[in-house]
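K.L.:
I have a structure I would like to understand better, so I am pasting it below and will then ask my questions one at a time.
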Amino acid sequence: MKAVTYILRCSNGQYYVGSTENLEERMKLHNSGKGGQFTSRHLPFELVYTEEFDSYAEAFRRERQLHGWSHAKKEALINGDMDKLRQLCKCK
């Protein structure tokens, strides 16, 4: 079974990162206000990024990694700007 790590852009401009084995059902939960406390307070949202994995464990590891990223790093990933992402990852 495939699993997905996803990023939502919420109405307040912040990003929500999650993972699931059923993206369609998870989006329905978020839209109904039952998908997470954060998204329920910041509806509507837009699905802006997905990444597919072979297992939920892999998707969840990626979710945890992305939680630690800055807004700018998430934005670079979403936009596919790998040069900017590499630049933001460099230690200062």
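Within each chain, counting starts at residue 1; across the structure tokens, chains are named A, B, ... in the order shown, with ligands numbered 1 upward in that order.
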So that I can see what lies close to Phe38 of chain A, please list as a PDB file with N, CA and C atoms, in the first residue's frame the residues with an atom at most 10 Å from it, counting only C-alpha atoms and leaving out residues fewer than 6 positions away in the same chain.

P.N.:
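And here's out-v9.pdb as it stands now:
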```pdb
ATOM      1  N   CYS A  10      -2.726  26.725   4.545  1.00  0.00           N
ATOM      2  CA  CYS A  10      -3.963  27.108   5.225  1.00  0.00           C
ATOM      3  C   CYS A  10      -4.302  28.573   4.970  1.00  0.00           C
ATOM      4  N   GLN A  14       0.046  29.714   6.696  1.00  0.00           N
ATOM      5  CA  GLN A  14       0.957  28.734   7.274  1.00  0.00           C
ATOM      6  C   GLN A  14       0.764  27.375   6.616  1.00  0.00           C
ATOM      7  N   TYR A  15       1.770  26.528   6.770  1.00  0.00           N
ATOM      8  CA  TYR A  15       1.723  25.197   6.191  1.00  0.00           C
ATOM      9  C   TYR A  15       1.419  24.149   7.250  1.00  0.00           C
ATOM     10  N   TYR A  16       0.622  23.171   6.849  1.00  0.00           N
ATOM     11  CA  TYR A  16       0.312  22.009   7.676  1.00  0.00           C
ATOM     12  C   TYR A  16       0.891  20.799   6.963  1.00  0.00           C
ATOM     13  N   HIS A  30     -10.126  16.792   6.711  1.00  0.00           N
ATOM     14  CA  HIS A  30      -9.668  18.172   6.922  1.00  0.00           C
ATOM     15  C   HIS A  30     -10.757  19.172   6.534  1.00  0.00           C
TER      16      HIS A  30
END
```

K.L.:
Quick check for you: according to DSSP on this backbone, which residues of chain A are classed as helix (DSSP H, G or I)? Reply as a PyMOL selection string.

P.N.:
chain A and resi 23-31+37-41+56-67+71-79+82-89

K.L.:
Would you pick out the contacts of Gly80 of chain A at 12 Å or less, using only C-alpha atoms, so that residues sharing its chain but fewer than 5 positions from it are not included, and give the list as a PDB file with N, CA, C and O atoms, in the first residue's frame?

P.N.:
```pdb
ATOM      1  N   VAL A  48      -0.866  21.671  -1.548  1.00  0.00           N
ATOM      2  CA  VAL A  48       0.174  22.269  -2.391  1.00  0.00           C
ATOM      3  C   VAL A  48       1.341  21.336  -2.679  1.00  0.00           C
ATOM      4  O   VAL A  48       2.192  21.651  -3.523  1.00  0.00           O
ATOM      5  N   TYR A  49       1.417  20.185  -1.994  1.00  0.00           N
ATOM      6  CA  TYR A  49       2.547  19.292  -2.205  1.00  0.00           C
ATOM      7  C   TYR A  49       2.206  17.879  -1.740  1.00  0.00           C
ATOM      8  O   TYR A  49       1.561  17.721  -0.707  1.00  0.00           O
ATOM      9  N   THR A  50       2.631  16.903  -2.510  1.00  0.00           N
ATOM     10  CA  THR A  50       2.525  15.502  -2.086  1.00  0.00           C
ATOM     11  C   THR A  50       3.800  14.775  -2.471  1.00  0.00           C
ATOM     12  O   THR A  50       4.461  15.126  -3.449  1.00  0.00           O
ATOM     13  N   LYS A  73      11.981  26.938   3.738  1.00  0.00           N
ATOM     14  CA  LYS A  73      12.413  25.654   3.187  1.00  0.00           C
ATOM     15  C   LYS A  73      11.229  24.886   2.616  1.00  0.00           C
ATOM     16  O   LYS A  73      11.319  24.292   1.542  1.00  0.00           O
ATOM     17  N   LYS A  74      10.101  24.900   3.329  1.00  0.00           N
ATOM     18  CA  LYS A  74       8.902  24.225   2.825  1.00  0.00           C
ATOM     19  C   LYS A  74       8.453  24.860   1.514  1.00  0.00           C
ATOM     20  O   LYS A  74       8.074  24.157   0.578  1.00  0.00           O
ATOM     21  N   GLU A  75       8.518  26.176   1.461  1.00  0.00           N
ATOM     22  CA  GLU A  75       8.112  26.888   0.249  1.00  0.00           C
ATOM     23  C   GLU A  75       9.010  26.529  -0.938  1.00  0.00           C
ATOM     24  O   GLU A  75       8.532  26.333  -2.056  1.00  0.00           O
ATOM     25  N   LEU A  85      16.481  25.538  -1.955  1.00  0.00           N
ATOM     26  CA  LEU A  85      16.394  24.592  -0.846  1.00  0.00           C
ATOM     27  C   LEU A  85      17.800  24.231  -0.351  1.00  0.00           C
ATOM     28  O   LEU A  85      18.054  24.233   0.852  1.00  0.00           O
ATOM     29  N   ARG A  86      18.720  23.947  -1.269  1.00  0.00           N
ATOM     30  CA  ARG A  86      20.112  23.633  -0.888  1.00  0.00           C
ATOM     31  C   ARG A  86      20.741  24.814  -0.158  1.00  0.00           C
ATOM     32  O   ARG A  86      21.446  24.637   0.834  1.00  0.00           O
TER      33      ARG A  86
END
```

K.L.:
Report the residues of chain A whose backbone DSSP state falls under strand (DSSP E), written as a list in words.

P.N.:
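Listing strand (DSSP E) positions across chain A yields Ala3, Val4, Thr5, Tyr6, Ile7, Leu8, Arg9, Cys10, Tyr15, Tyr16, Val17, Gly18, Ser19, Thr20, Phe45, Glu46, Leu47, Val48, Tyr49, Thr50, Glu51, Glu52 and Phe53 of chain A.
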
K.L.:
What gap, in Å, lies between atom CA of Ser70 of chain A and atom CA of Gly33 of chain A?

P.N.:
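Separating atom CA of Ser70 of chain A from atom CA of Gly33 of chain A is a distance of 25.2 Å.
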
K.L.:
My list of candidates is A:Leu66, A:Ala72, A:Leu88, A:Leu43. Which is closest to Leu29 of chain A when distances are computed with only C-alpha atoms?

P.N.:
A:Leu43

K.L.:
Using only C-alpha atoms, find the one residue out of A:Cys89, A:Met27, A:Met82, A:Ala3 that sits nearest to Gly68 of chain A.

P.N.:
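Result for the nearest residue to Gly68 of chain A: A:Cys89.
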
K.L.:
Could you tell me how far atom CA of Arg64 of chain A lies from atom CA of Thr39 of chain A, in Å and to one decimal?

P.N.:
17.3 Å

K.L.:
Would you compute the distance between atom CA of His42 of chain A and atom CA of His67 of chain A? Give it in Å to one decimal.

P.N.:
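Rounded to one decimal, the two atoms are 17.6 Å apart.
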
K.L.:
So, counting only C-alpha atoms, which residue among A:Lys2, A:Thr20, A:Ser11, A:Phe45 is closest to Glu63 of chain A?

P.N.:
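The shortest atom-to-atom distance to Glu63 of chain A comes from A:Thr20.
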